[in-house]
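Next comes target_14.txt, with compact mmCIF, C-alpha atoms.
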# COMPACT_ATOMS: atom_id res chain seq x y z
CA MET A 1 25.08 59.29 33.68
CA LEU A 2 21.59 58.33 34.84
CA ASN A 3 21.56 56.52 38.16
CA ILE A 4 18.93 54.05 39.24
CA SER A 5 19.57 52.46 42.59
CA GLY A 6 20.34 48.76 42.93
CA LEU A 7 17.78 46.14 43.93
CA GLU A 8 17.66 44.34 47.23
CA GLU A 9 15.45 41.62 45.78
CA GLY A 10 14.11 41.33 42.24
CA ILE A 11 14.92 40.74 38.60
CA VAL A 12 17.22 42.58 36.22
CA LEU A 13 16.74 41.98 32.52
CA ASP A 14 19.95 43.06 30.81
CA HIS A 15 21.16 43.12 27.20
CA ILE A 16 17.71 43.80 25.80
CA PRO A 17 18.11 44.99 22.20
CA ALA A 18 17.61 48.78 22.16
CA GLY A 19 13.95 49.66 21.62
CA LYS A 20 12.52 46.29 22.66
CA SER A 21 11.99 47.03 26.36
CA MET A 22 8.40 48.24 25.98
CA ASP A 23 7.43 45.05 24.09
CA ILE A 24 8.87 43.01 26.92
CA TYR A 25 7.15 45.21 29.51
CA LYS A 26 3.87 44.43 27.78
CA HIS A 27 4.40 40.67 27.24
CA LEU A 28 5.54 40.11 30.84
CA GLY A 29 2.46 41.96 32.09
CA LEU A 30 4.65 44.30 34.17
CA GLY A 31 1.99 47.01 34.03
CA HIS A 32 -0.20 44.84 36.26
CA LEU A 33 2.43 44.43 38.98
CA ASP A 34 2.18 46.35 42.23
CA CYS A 35 5.92 46.97 42.49
CA GLN A 36 8.56 49.36 41.16
CA VAL A 37 9.69 48.79 37.61
CA ALA A 38 12.48 50.81 35.99
CA ILE A 39 12.97 50.85 32.25
CA ILE A 40 16.30 52.13 31.01
CA LYS A 41 16.37 52.77 27.27
CA ASN A 42 19.41 53.22 25.06
CA ALA A 43 21.95 52.51 27.79
CA ARG A 44 25.54 52.45 26.55
CA SER A 45 26.91 48.94 26.10
CA ALA A 46 30.40 47.83 25.14
CA LYS A 47 28.96 44.63 23.68
CA MET A 48 25.84 45.93 21.95
CA GLY A 49 26.44 49.64 21.42
CA ARG A 50 23.06 50.47 22.87
CA LYS A 51 20.78 48.31 24.94
CA ASP A 52 17.69 48.45 27.13
CA ILE A 53 17.51 47.27 30.73
CA ILE A 54 14.48 46.49 32.89
CA LYS A 55 14.72 46.34 36.69
CA ILE A 56 11.84 44.81 38.62
CA GLU A 57 11.66 45.17 42.36
CA GLY A 58 10.40 41.86 43.79
CA GLY A 59 8.24 39.90 41.37
CA LEU A 60 10.27 36.70 41.77
CA ASP A 61 7.15 34.59 42.24
CA THR A 62 4.80 36.51 39.98
CA VAL A 63 6.68 37.29 36.75
CA ASP A 64 6.58 34.47 34.19
CA LEU A 65 9.91 34.79 32.43
CA ASN A 66 9.38 31.86 30.07
CA VAL A 67 7.94 34.05 27.34
CA LEU A 68 11.29 35.88 27.08
CA GLY A 69 12.76 32.76 25.52
CA PHE A 70 10.37 33.24 22.60
CA ILE A 71 10.72 37.03 22.26
CA GLU A 72 14.50 37.42 22.61
CA HIS A 73 16.54 34.55 23.93
CA LYS A 74 19.78 36.59 24.17
CA ILE A 75 18.50 38.65 27.12
CA THR A 76 20.45 38.15 30.35
CA VAL A 77 18.20 37.47 33.33
CA ASN A 78 19.73 38.19 36.74
CA ILE A 79 17.89 37.16 39.88
CA ILE A 80 18.82 39.47 42.75
CA ARG A 81 18.64 38.42 46.38
CA ASN A 82 20.12 40.38 49.33
CA GLY A 83 21.45 42.98 46.89
CA GLU A 84 23.54 40.47 44.94
CA ILE A 85 23.18 38.40 41.79
CA ALA A 86 21.97 35.08 43.21
CA GLU A 87 21.27 33.37 39.89
CA LYS A 88 21.70 33.94 36.15
CA LYS A 89 18.80 32.31 34.34
CA THR A 90 19.23 30.61 30.99
CA LEU A 91 16.27 31.29 28.75
CA ARG A 92 14.55 28.40 27.02
CA LEU A 93 11.80 28.34 24.45
CA PRO A 94 8.51 28.09 26.36
CA LYS A 95 6.37 25.02 25.67
CA LYS A 96 3.28 27.21 25.40
CA ILE A 97 2.75 30.92 24.77
CA THR A 98 -0.49 32.75 25.30
CA ASN A 99 -1.52 36.03 23.66
CA VAL A 100 1.98 36.92 22.51
CA ILE A 101 1.50 36.12 18.84
CA ARG A 102 -1.74 35.80 16.87
CA CYS A 103 -2.95 33.06 14.54
CA LYS A 104 -3.22 34.38 10.99
CA ASN A 105 -5.09 31.38 9.53
CA PRO A 106 -8.41 32.75 8.19
CA ARG A 107 -9.97 29.29 8.74
CA CYS A 108 -9.05 29.19 12.45
CA ILE A 109 -11.81 29.62 15.06
CA THR A 110 -9.80 32.53 16.51
CA SER A 111 -10.52 34.48 13.30
CA ILE A 112 -14.18 34.84 14.24
CA GLU A 113 -14.19 34.57 18.04
CA GLN A 114 -12.32 37.64 19.28
CA GLU A 115 -12.43 36.66 22.96
CA LEU A 116 -10.42 33.47 22.55
CA PRO A 117 -6.83 33.53 23.83
CA HIS A 118 -4.27 32.95 21.06
CA ILE A 119 -2.36 29.93 22.35
CA PHE A 120 0.61 28.40 20.55
CA ASN A 121 2.42 25.17 21.44
CA LEU A 122 6.08 24.45 20.75
CA THR A 123 5.97 21.46 18.40
CA ASP A 124 9.59 21.42 17.19
CA GLU A 125 12.18 22.81 19.60
CA GLU A 126 15.11 22.33 17.22
CA HIS A 127 13.53 24.47 14.50
CA LYS A 128 11.68 26.80 16.93
CA ILE A 129 8.30 25.94 15.42
CA TYR A 130 5.14 27.01 17.19
CA ARG A 131 1.67 25.92 16.08
CA CYS A 132 -1.73 27.30 16.96
CA MET A 133 -3.41 25.13 19.60
CA TYR A 134 -6.72 25.25 17.71
CA CYS A 135 -5.89 24.84 14.01
CA GLU A 136 -2.24 23.66 14.21
CA GLU A 137 -1.15 26.29 11.68
CA LYS A 138 2.55 27.08 11.90
CA TYR A 139 3.47 30.58 13.16
CA LYS A 140 5.52 32.41 10.53
CA MET B 1 -15.16 12.52 31.03
CA ARG B 2 -13.55 12.12 27.60
CA HIS B 3 -13.91 13.89 24.28
CA LEU B 4 -12.90 12.91 20.76
CA ILE B 5 -11.27 15.90 19.08
CA SER B 6 -8.37 14.30 17.23
CA PRO B 7 -7.93 10.75 15.95
CA LEU B 8 -4.96 10.54 18.31
CA ASP B 9 -7.11 10.99 21.42
CA PHE B 10 -7.48 7.21 21.58
CA SER B 11 -4.50 4.89 21.90
CA VAL B 12 -4.06 2.00 19.45
CA GLU B 13 -5.27 -0.38 22.18
CA GLU B 14 -8.35 1.76 22.86
CA LEU B 15 -9.09 1.88 19.13
CA ASP B 16 -8.87 -1.92 18.99
CA THR B 17 -11.39 -2.18 21.83
CA LEU B 18 -13.65 0.35 20.09
CA MET B 19 -13.49 -1.54 16.79
CA ASP B 20 -14.11 -4.87 18.54
CA LEU B 21 -17.24 -3.32 20.02
CA ALA B 22 -18.31 -1.98 16.59
CA ASN B 23 -17.86 -5.44 15.06
CA ASP B 24 -19.95 -6.96 17.84
CA ILE B 25 -22.67 -4.36 17.26
CA GLU B 26 -22.63 -5.32 13.57
CA LYS B 27 -23.12 -9.00 14.44
CA ASN B 28 -25.59 -8.57 17.33
CA PRO B 29 -27.49 -5.28 16.87
CA GLU B 30 -30.40 -6.37 19.08
CA LYS B 31 -28.05 -6.62 22.09
CA TYR B 32 -27.42 -2.86 21.86
CA ALA B 33 -30.88 -1.61 20.89
CA HIS B 34 -31.64 -0.07 24.30
CA VAL B 35 -28.27 0.74 25.86
CA CYS B 36 -28.86 4.49 25.42
CA ASP B 37 -32.54 4.60 26.44
CA GLY B 38 -33.21 8.03 27.99
CA ARG B 39 -29.98 9.56 26.65
CA ILE B 40 -29.85 12.52 24.26
CA LEU B 41 -27.29 13.34 21.56
CA ALA B 42 -27.01 17.00 20.48
CA THR B 43 -25.88 17.39 16.86
CA LEU B 44 -24.48 20.93 16.59
CA PHE B 45 -23.79 21.31 12.88
CA TYR B 46 -22.68 24.79 11.86
CA GLU B 47 -22.30 23.82 8.22
CA PRO B 48 -24.33 21.54 5.96
CA SER B 49 -23.70 17.82 6.20
CA THR B 50 -26.00 14.99 5.24
CA ARG B 51 -23.93 11.91 5.73
CA THR B 52 -22.14 12.58 8.99
CA ARG B 53 -25.20 14.04 10.68
CA LEU B 54 -27.50 11.22 9.55
CA SER B 55 -24.88 8.69 10.55
CA PHE B 56 -24.76 10.13 14.08
CA GLU B 57 -28.53 10.28 14.26
CA SER B 58 -28.87 6.73 13.00
CA ALA B 59 -26.26 5.55 15.51
CA MET B 60 -28.02 7.17 18.49
CA ASN B 61 -31.45 5.97 17.36
CA ARG B 62 -30.18 2.41 16.95
CA LEU B 63 -28.91 2.57 20.54
CA GLY B 64 -32.34 3.63 21.81
CA GLY B 65 -31.38 7.27 22.46
CA LYS B 66 -32.83 10.52 21.12
CA VAL B 67 -31.34 13.32 19.04
CA ILE B 68 -31.70 17.11 19.14
CA GLY B 69 -29.73 19.76 17.27
CA PHE B 70 -29.39 22.12 14.34
CA SER B 71 -28.00 21.59 10.88
CA SER B 72 -26.69 25.00 9.85
CA ALA B 73 -25.25 28.07 11.53
CA ALA B 74 -28.17 30.12 10.21
CA ALA B 75 -30.56 27.94 12.23
CA SER B 76 -28.58 28.38 15.45
CA SER B 77 -27.75 31.18 17.86
CA ALA B 78 -24.42 31.55 16.04
CA ALA B 79 -26.38 33.70 13.59
CA LYS B 80 -27.01 36.05 16.52
CA GLY B 81 -23.33 36.08 17.39
CA GLU B 82 -23.27 33.47 20.16
CA SER B 83 -19.82 32.00 20.84
CA VAL B 84 -19.04 28.30 20.57
CA ALA B 85 -18.27 28.29 24.31
CA ASP B 86 -21.74 29.62 25.19
CA THR B 87 -23.48 27.26 22.74
CA ILE B 88 -21.84 24.19 24.27
CA ARG B 89 -22.63 25.38 27.81
CA MET B 90 -26.27 25.58 26.71
CA ALA B 91 -26.16 22.20 24.96
CA SER B 92 -24.62 20.65 28.08
CA CYS B 93 -27.87 21.45 29.88
CA TYR B 94 -30.02 19.79 27.21
CA ALA B 95 -28.08 16.70 26.15
CA ASP B 96 -25.76 13.95 27.43
CA ILE B 97 -23.29 13.98 24.53
CA CYS B 98 -22.61 16.26 21.57
CA ALA B 99 -21.34 15.92 18.01
CA MET B 100 -20.09 19.21 16.56
CA ARG B 101 -19.27 20.15 12.98
CA HIS B 102 -17.93 23.64 12.38
CA PRO B 103 -16.37 25.36 9.35
CA LYS B 104 -13.67 26.93 11.52
CA GLU B 105 -10.69 24.86 12.57
CA GLY B 106 -10.39 24.21 16.28
CA ALA B 107 -14.03 25.00 17.15
CA PRO B 108 -14.74 21.54 18.68
CA LEU B 109 -11.58 21.88 20.79
CA VAL B 110 -12.90 25.21 22.10
CA ALA B 111 -16.23 23.49 22.84
CA SER B 112 -14.53 20.67 24.74
CA LEU B 113 -12.78 23.19 26.99
CA HIS B 114 -16.14 24.59 28.14
CA SER B 115 -18.33 21.50 28.05
CA SER B 116 -19.68 19.32 30.83
CA ILE B 117 -20.67 16.58 28.35
CA PRO B 118 -18.46 14.57 25.96
CA VAL B 119 -17.79 16.44 22.70
CA ILE B 120 -17.17 14.58 19.45
CA ASN B 121 -15.48 16.48 16.63
CA ALA B 122 -17.65 15.76 13.58
CA GLY B 123 -15.35 17.79 11.31
CA ASP B 124 -13.72 21.21 11.77
CA GLY B 125 -13.00 23.00 8.51
CA GLY B 126 -10.11 21.47 6.62
CA HIS B 127 -8.51 20.31 9.85
CA GLN B 128 -9.67 17.03 11.42
CA HIS B 129 -12.53 14.57 10.99
CA PRO B 130 -11.82 11.85 13.56
CA THR B 131 -15.08 9.88 13.28
CA GLN B 132 -14.52 9.52 9.54
CA THR B 133 -11.07 8.21 10.44
CA LEU B 134 -12.55 5.69 12.86
CA THR B 135 -14.92 4.64 10.06
CA ASP B 136 -11.99 4.25 7.66
CA LEU B 137 -9.96 2.25 10.16
CA LEU B 138 -12.89 -0.05 10.93
CA THR B 139 -13.54 -0.56 7.21
CA ILE B 140 -9.92 -1.42 6.47
CA ARG B 141 -9.55 -3.68 9.51
CA SER B 142 -12.83 -5.48 8.82
CA LEU B 143 -12.16 -6.03 5.10
CA LYS B 144 -8.38 -6.53 5.06
CA GLY B 145 -8.06 -8.16 8.48
CA ARG B 146 -5.26 -5.84 9.57
CA LEU B 147 -4.20 -2.19 9.85
CA GLY B 148 -0.46 -2.50 9.32
CA GLY B 149 1.82 -3.76 6.57
CA MET B 150 0.23 -2.13 3.55
CA THR B 151 0.60 0.57 0.94
CA VAL B 152 -2.09 3.21 1.17
CA GLY B 153 -2.74 5.55 -1.74
CA LEU B 154 -4.45 8.86 -0.96
CA CYS B 155 -5.75 10.62 -4.04
CA GLY B 156 -7.29 14.01 -4.85
CA ASP B 157 -7.49 17.01 -2.58
CA LEU B 158 -4.79 16.30 -0.02
CA LYS B 159 -4.45 19.95 0.98
CA PHE B 160 -7.94 20.70 2.25
CA GLY B 161 -9.15 17.09 2.64
CA ARG B 162 -9.45 16.74 6.39
CA THR B 163 -10.32 13.03 6.15
CA VAL B 164 -6.91 12.45 4.60
CA HIS B 165 -5.08 14.36 7.34
CA SER B 166 -6.87 12.46 10.08
CA LEU B 167 -6.34 9.08 8.39
CA ILE B 168 -2.59 9.67 8.01
CA ASN B 169 -2.34 10.65 11.70
CA ALA B 170 -4.10 7.44 12.67
CA LEU B 171 -2.36 5.01 10.32
CA VAL B 172 1.20 6.05 11.14
CA ARG B 173 0.76 4.37 14.51
CA TYR B 174 0.68 0.94 12.84
CA THR B 175 3.81 -0.80 11.59
CA GLY B 176 4.68 -1.27 7.94
CA ILE B 177 2.49 1.50 6.54
CA ARG B 178 3.64 3.27 3.37
CA PHE B 179 1.81 6.16 1.75
CA VAL B 180 1.50 7.16 -1.88
CA LEU B 181 0.21 10.73 -2.01
CA ILE B 182 -1.42 11.44 -5.36
CA SER B 183 -2.48 15.03 -6.02
CA PRO B 184 -1.90 18.03 -8.27
CA ASN B 185 0.90 20.28 -7.07
CA GLU B 186 -1.57 22.91 -5.80
CA LEU B 187 -3.39 20.40 -3.58
CA ARG B 188 -0.39 18.65 -2.00
CA ILE B 189 -0.45 17.55 1.62
CA PRO B 190 0.08 20.50 4.04
CA SER B 191 3.50 21.04 5.58
CA TYR B 192 2.33 20.29 9.11
CA ILE B 193 1.42 16.75 8.10
CA ARG B 194 4.49 16.24 5.91
CA ASP B 195 6.97 17.65 8.47
CA ASN B 196 5.44 16.75 11.81
CA VAL B 197 3.90 13.39 11.01
CA LEU B 198 5.58 11.76 8.01
CA GLU B 199 9.11 13.16 8.18
CA ALA B 200 9.28 13.24 11.97
CA GLY B 201 8.00 9.67 12.23
CA HIS B 202 10.29 8.39 9.41
CA ILE B 203 7.21 7.09 7.59
CA PRO B 204 7.94 6.09 3.97
CA TYR B 205 5.92 8.12 1.46
CA THR B 206 5.97 9.09 -2.19
CA GLU B 207 4.29 12.12 -3.74
CA MET B 208 3.12 11.80 -7.34
CA GLU B 209 0.70 13.43 -9.75
CA ASN B 210 -0.28 10.41 -11.85
CA LEU B 211 -2.90 7.96 -10.49
CA GLU B 212 -2.23 5.28 -13.15
CA ASP B 213 1.42 5.02 -12.10
CA ALA B 214 0.45 4.43 -8.48
CA MET B 215 -2.35 1.88 -9.02
CA PRO B 216 -0.37 -1.41 -9.25
CA GLU B 217 1.26 -1.05 -5.83
CA LEU B 218 -1.75 -0.04 -3.74
CA ASP B 219 -3.48 -2.19 -1.12
CA ILE B 220 -5.87 0.64 -0.30
CA LEU B 221 -6.91 3.50 -2.58
CA TYR B 222 -8.54 6.33 -0.69
CA MET B 223 -10.26 8.71 -3.09
CA THR B 224 -11.37 12.22 -2.09
CA ARG B 225 -13.51 14.92 -3.61
CA VAL B 226 -12.16 18.34 -4.47
CA GLN B 227 -14.40 20.39 -2.21
CA ARG B 228 -15.88 23.58 -3.56
CA GLU B 229 -16.44 24.99 -0.05
CA ARG B 230 -12.69 24.91 0.78
CA PHE B 231 -11.79 27.33 -2.03
CA PHE B 232 -11.93 31.08 -1.74
CA ASN B 233 -11.73 31.33 -5.50
CA GLU B 234 -14.29 29.66 -7.81
CA GLU B 235 -11.91 29.70 -10.79
CA GLU B 236 -9.35 27.69 -8.88
CA TYR B 237 -12.01 25.14 -7.90
CA ILE B 238 -13.14 24.66 -11.49
CA ARG B 239 -9.54 24.18 -12.63
CA MET B 240 -8.90 21.47 -10.01
CA LYS B 241 -12.16 19.54 -9.72
CA ASP B 242 -11.64 17.05 -12.57
CA CYS B 243 -8.03 16.23 -11.79
CA TYR B 244 -8.56 12.54 -11.02
CA ILE B 245 -11.40 10.33 -12.15
CA LEU B 246 -11.27 6.65 -11.20
CA ASP B 247 -12.78 4.48 -13.95
CA LYS B 248 -12.72 0.83 -15.06
CA ALA B 249 -9.52 1.30 -17.04
CA LYS B 250 -7.64 2.56 -14.00
CA MET B 251 -9.18 -0.14 -11.78
CA ALA B 252 -7.79 -2.77 -14.19
CA LEU B 253 -4.30 -1.64 -13.14
CA GLY B 254 -4.97 -2.32 -9.44
CA LYS B 255 -4.37 -5.44 -7.33
CA GLU B 256 -7.16 -8.04 -7.12
CA ASP B 257 -7.57 -7.55 -3.38
CA MET B 258 -7.23 -3.75 -3.35
CA CYS B 259 -10.00 -1.82 -1.58
CA VAL B 260 -11.27 1.55 -2.84
CA LEU B 261 -12.55 3.81 -0.06
CA HIS B 262 -14.16 7.24 -0.30
CA PRO B 263 -15.55 9.36 2.54
CA LEU B 264 -18.48 10.35 0.27
CA PRO B 265 -20.24 12.24 -1.15
CA ARG B 266 -18.57 11.73 -4.49
CA VAL B 267 -19.15 14.06 -7.38
CA ASN B 268 -17.43 12.62 -10.43
CA GLU B 269 -14.08 11.43 -9.10
CA ILE B 270 -15.27 7.80 -9.13
CA SER B 271 -17.15 6.79 -12.24
CA THR B 272 -20.40 4.94 -11.46
CA GLU B 273 -19.16 2.08 -13.65
CA VAL B 274 -16.76 1.23 -10.79
CA ASP B 275 -19.57 0.77 -8.26
CA ASP B 276 -20.16 -2.90 -9.19
CA ASP B 277 -16.50 -3.81 -8.80
CA PRO B 278 -16.16 -5.87 -5.58
CA ARG B 279 -13.11 -3.79 -4.70
CA ALA B 280 -15.30 -0.65 -4.46
CA VAL B 281 -16.23 -0.66 -0.76
CA TYR B 282 -17.34 2.94 -0.20
CA PHE B 283 -20.99 2.12 0.43
CA ARG B 284 -20.06 -0.62 2.91
CA GLN B 285 -17.77 1.98 4.48
CA ALA B 286 -20.81 4.21 5.14
CA ARG B 287 -22.44 1.33 7.03
CA TYR B 288 -19.32 0.84 9.13
CA GLY B 289 -19.61 4.55 9.92
CA VAL B 290 -22.82 3.91 11.84
CA TYR B 291 -21.36 0.96 13.79
CA ILE B 292 -18.25 2.84 14.85
CA ARG B 293 -20.30 5.88 15.91
CA MET B 294 -22.54 3.59 17.97
CA ALA B 295 -19.45 2.16 19.64
CA LEU B 296 -18.03 5.65 20.18
CA ILE B 297 -21.21 7.04 21.75
CA MET B 298 -21.38 4.02 24.08
CA THR B 299 -17.72 4.38 25.04
CA LEU B 300 -17.91 8.12 25.77
CA LEU B 301 -21.17 7.72 27.69
CA GLU B 302 -19.65 4.71 29.50
CA VAL B 303 -22.66 2.50 28.84
CA SER B 304 -22.67 -1.22 28.06
CA PRO B 305 -25.33 -3.84 27.41
CA CYS B 306 -26.93 -5.38 30.53
Turn the structure described in the file into C-alpha cells.
Amino acid sequence: MLNISGLEEGIVLDHIPAGKSMDIYKHLGLGHLDCQVAIIKNARSAKMGRKDIIKIEGGLDTVDLNVLGFIEHKITVNIIRNGEIAEKKTLRLPKKITNVIRCKNPRCITSIEQELPHIFNLTDEEHKIYRCMYCEEKYK
Amino acid sequence: MRHLISPLDFSVEELDTLMDLANDIEKNPEKYAHVCDGRILATLFYEPSTRTRLSFESAMNRLGGKVIGFSSAAASSAAKGESVADTIRMASCYADICAMRHPKEGAPLVASLHSSIPVINAGDGGHQHPTQTLTDLLTIRSLKGRLGGMTVGLCGDLKFGRTVHSLINALVRYTGIRFVLISPNELRIPSYIRDNVLEAGHIPYTEMENLEDAMPELDILYMTRVQRERFFNEEEYIRMKDCYILDKAKMALGKEDMCVLHPLPRVNEISTEVDDDPRAVYFRQARYGVYIRMALIMTLLEVSPC
C-alpha cells in the first residue's frame, strides 16, 4: 500500500475516474502552483474499482475548481483545514470556461487567430450547453 | 463607452430613442449637418461590401465628419498577418469611431475588447449584422407604424443569412410577433436560433418550404439572397440559388398592406417586375439605413445638435 501523508490545509480531489487525473492537473493549472501536489493513479476503490486522487497542499485561494464541474462533475472535492475535512464542495457547471475546450467552427475568428483564448459560456444549464463567446457555435 | 456588436446590445427603449432620432434626422437633415465636424469614422472592411460601407460613409459625411479605412483584407495589414486586436488598437489612434466588417464570426467582438473607441459590427461572417437589423426595424416601424403584433415571413437562405438571425433576435422582444420561416431543408435556420431564441422564448413559428403557401398570412416578407461566399462548395451554391423567386404572381397572393424588405443586393430572388409594386420597399429601406447609421454614430459618439 502506497502511503502519502495527510494534509494540514489544502484540497483533496477524490473519485476521479482512473486515468483522468493528468487532464485535471492540466486544466486546473496545478503545474504553475508553488506547492506540493500528489497524484495517485489507479487507487483501489470499493465504489469505482479504480480511481485517481489528487492532493493539493494549500491552494485554497488560488485553485479555480469551477472547471471541474465541466470536466467531471462526479469528483468529490474535500477542503481540508487543520488536518480535517472542513467542507465537501458540490460541483456546478461553470458559467464560463476558458481554454478547456476549443471552438471547431471554421468560420469563427479563433480559427485564424491562434493567440485568442477559447472562451465558452454556459447558455443552457439544464442541457449542459456551452457556446463559443465569439461565434455562438454550440460545443459538441 | 459603448459598442454595437449584437442587436441585443440596445434595450427596446434605447432602440425607440435611436429610431426617434433617425426619424427626426429624416425630417430635419440640416439640423444634423455639422454635429460630427472634426470627427473621423474608420471603416475596417475585411471583405467586400458596397452597400454597408457606402451607407456608413454617407452617414458620417452627412453628419459633417470624415471617413478613413480599407475595403478588403488584401488592402490592410491583415494581409501581413496583423491580428484584429492590433488593427483596432492602431485604428483607435486614428479615428473616433469604427465600423468593422469581417468574414470571421466574432471578429468585431474581439475588436471591442481591445478598442478605446466605439466599435460597430458591420457584419461578421454568417453571424450578426446589427446595423442591418436597425435598418430593418426602422423601416418596419416607419412604414407599418409598429413593431409588434404581426406575422413576419423570412425567406431564402436562413442558415447563413446573418441579417435574418439578427432580425429574429431583435423582433422577439416585441409582443405578438409570429415568424414563418421559408427555406429549403438545407438552408433552415440554425439550431442556436431555433433552440435559444424561438423555443426558449416560446415564440410562435412555422417552418415551410413553399413561399406561395405562406404569402396570404404575411404582414412583412423579408427576402434574402443565397450568398455564394457562404458556401464551401460551388455545386451546392448552384443547386440552391434559384430556390425562391418573388414575382408578380406570388405578390398577388399577399395582403394589400404587406411590405417586402430585402437587405440587398438582390440577384434574381426578386423579379424586377415587382419593383414598381408599392409594397416593395427595399430601396426605401436602403435610405432608412443611412438615417439609422447617422443616429447610431451620434449616439455612440454622444453628440447632439446645438
Dig up all the protein and nucleic acid residues within 9 Å of (-16.1, 29.6, 8.7) in the file frame, using only C-alpha atoms, and format them as an MDAnalysis selection string. (chainID A and resid 106:109 111:112) or (chainID B and resid 46:47 102:105 125)
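Atom pair atom CA of Thr123 of chain A / atom CA of His3 of chain B: separated by 22.1 Å.
Coordinates place atom CA of Lys41 of chain A at a distance of 6.9 Å from atom CA of Gly19 of chain A.
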Distance query Pro305 of chain B at most 12 Å, only C-alpha atoms, self and fewer than 6 positions along chain excluded, as a PyMOL selection string: chain B and resi 21+24-25+28-37+63-64+295+298-299
Return as JSON the box centre and box size in Å, one decimal, for an axis-aligned box around all listed atoms of segment 29-47 of chain A padded by 4 Å per side.
{"center_x": 15.1, "center_y": 47.6, "center_z": 33.1, "size_x": 38.6, "size_y": 19.3, "size_z": 26.8}
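Within 10 Å of chain A, chain B contributes the residues Gly81, Glu82, Ser83, Val84, Ala85, His102, Pro103, Lys104, Glu105, Gly106, Ala107, Pro108, Leu109, Val110, Asp124, Gly125, Gly126, His127, Gln128, Pro190, Ser191, Tyr192, Ile193, Asp195, Asn196, Ala200 and Arg230 of chain B, using all atoms listed in the file.
When all atoms listed in the file are used to compute distances to Ile24 of chain A, the closest of the residues A:Gly10, A:Gly49, A:Glu72, A:Leu60 turns out to be A:Glu72.
Taking all atoms listed in the file into account, Ser112 of chain B lies nearest to B:Ile5 out of the set B:Ala79, B:Ile5, B:Ile182, B:Met258.
Rounded to one decimal, atom CA of Leu198 of chain B and atom CA of Ala280 of chain B lie 27.3 Å from each other.
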Give me the residues near Leu167 of chain B as a tab-separated table (two decimals) with C-alpha atoms, in the frame of the given file, where near means some atom within 9 Å (using all atoms listed in the file) and where sequence neighbours in that chain fewer than 3 positions away do not count.
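See around-v4.tsv below for the written result:
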chain	number	residue	atom	x	y	z
B	7	PRO	CA	-7.93	10.75	15.95
B	129	HIS	CA	-12.53	14.57	10.99
B	130	PRO	CA	-11.82	11.85	13.56
B	132	GLN	CA	-14.52	9.52	9.54
B	133	THR	CA	-11.07	8.21	10.44
B	134	LEU	CA	-12.55	5.69	12.86
B	136	ASP	CA	-11.99	4.25	7.66
B	137	LEU	CA	-9.96	2.25	10.16
B	162	ARG	CA	-9.45	16.74	6.39
B	163	THR	CA	-10.32	13.03	6.15
B	164	VAL	CA	-6.91	12.45	4.60
B	170	ALA	CA	-4.10	7.44	12.67
B	171	LEU	CA	-2.36	5.01	10.32
B	172	VAL	CA	1.20	6.05	11.14
Starting from the point (-28.6, 14.4, 15.9), work out which residues of protein, DNA or RNA have an atom no more than 8 Å away when counting all atoms listed in the file; state them as a PyMOL selection string. chain B and resi 41-44+53-54+56-57+60+66-70+99
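In terms of minimum interatomic distance to His27 of chain A, A:Val100 ranks closest within A:Leu65, A:Val100, A:Ile39, A:Ala86, counting all atoms listed in the file.
Counting all atoms listed in the file, the residue from B:Ile40, B:Phe179, B:Ala95, B:Ser116 that sits nearest to Ala59 of chain B is B:Ile40.
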Excluding same-chain residues fewer than 3 positions from Ile97 of chain A, what lies within 9 Å of it counting all atoms listed in the file, as a PyMOL selection string? chain A and resi 66-67+70+94+100-101+118-122+130
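Shortest atom-to-atom contact with Met19 of chain B among B:Arg141, B:Arg2, B:Arg287, B:Arg194: B:Arg141, counting all atoms listed in the file.
With distances taken over all atoms listed in the file, B:Pro48 is the one residue among B:Arg62, B:Met294, B:Pro48, B:Thr206 lying closest to Ala74 of chain B.
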Kindly complete segment 59-69 of chain B to N, CA and C atoms; the output should be written as a PDB file, keeping the file's coordinate frame.
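Below you can see selection_0.pdb, which holds the result:
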ATOM      1  N   ALA B  59     -26.980   6.263  14.447  1.00  0.00           N
ATOM      2  CA  ALA B  59     -26.260   5.550  15.510  1.00  0.00           C
ATOM      3  C   ALA B  59     -26.994   5.703  16.842  1.00  0.00           C
ATOM      4  N   MET B  60     -27.365   6.956  17.188  1.00  0.00           N
ATOM      5  CA  MET B  60     -28.020   7.170  18.490  1.00  0.00           C
ATOM      6  C   MET B  60     -29.394   6.508  18.522  1.00  0.00           C
ATOM      7  N   ASN B  61     -30.126   6.611  17.414  1.00  0.00           N
ATOM      8  CA  ASN B  61     -31.450   5.970  17.360  1.00  0.00           C
ATOM      9  C   ASN B  61     -31.348   4.458  17.498  1.00  0.00           C
ATOM     10  N   ARG B  62     -30.347   3.871  16.863  1.00  0.00           N
ATOM     11  CA  ARG B  62     -30.180   2.410  16.950  1.00  0.00           C
ATOM     12  C   ARG B  62     -29.776   1.965  18.352  1.00  0.00           C
ATOM     13  N   LEU B  63     -29.266   2.911  19.149  1.00  0.00           N
ATOM     14  CA  LEU B  63     -28.910   2.570  20.540  1.00  0.00           C
ATOM     15  C   LEU B  63     -30.062   2.855  21.499  1.00  0.00           C
ATOM     16  N   GLY B  64     -31.169   3.350  20.968  1.00  0.00           N
ATOM     17  CA  GLY B  64     -32.340   3.630  21.810  1.00  0.00           C
ATOM     18  C   GLY B  64     -32.395   5.049  22.324  1.00  0.00           C
ATOM     19  N   GLY B  65     -31.414   5.890  21.973  1.00  0.00           N
ATOM     20  CA  GLY B  65     -31.380   7.270  22.460  1.00  0.00           C
ATOM     21  C   GLY B  65     -32.149   8.223  21.547  1.00  0.00           C
ATOM     22  N   LYS B  66     -32.147   9.509  21.926  1.00  0.00           N
ATOM     23  CA  LYS B  66     -32.830  10.520  21.120  1.00  0.00           C
ATOM     24  C   LYS B  66     -31.829  11.577  20.653  1.00  0.00           C
ATOM     25  N   VAL B  67     -32.254  12.346  19.649  1.00  0.00           N
ATOM     26  CA  VAL B  67     -31.340  13.320  19.040  1.00  0.00           C
ATOM     27  C   VAL B  67     -32.012  14.688  18.968  1.00  0.00           C
ATOM     28  N   ILE B  68     -31.261  15.736  19.360  1.00  0.00           N
ATOM     29  CA  ILE B  68     -31.700  17.110  19.140  1.00  0.00           C
ATOM     30  C   ILE B  68     -30.570  17.837  18.403  1.00  0.00           C
ATOM     31  N   GLY B  69     -30.847  19.037  17.882  1.00  0.00           N
ATOM     32  CA  GLY B  69     -29.730  19.760  17.270  1.00  0.00           C
ATOM     33  C   GLY B  69     -30.154  20.686  16.153  1.00  0.00           C
TER      34      GLY B  69
END
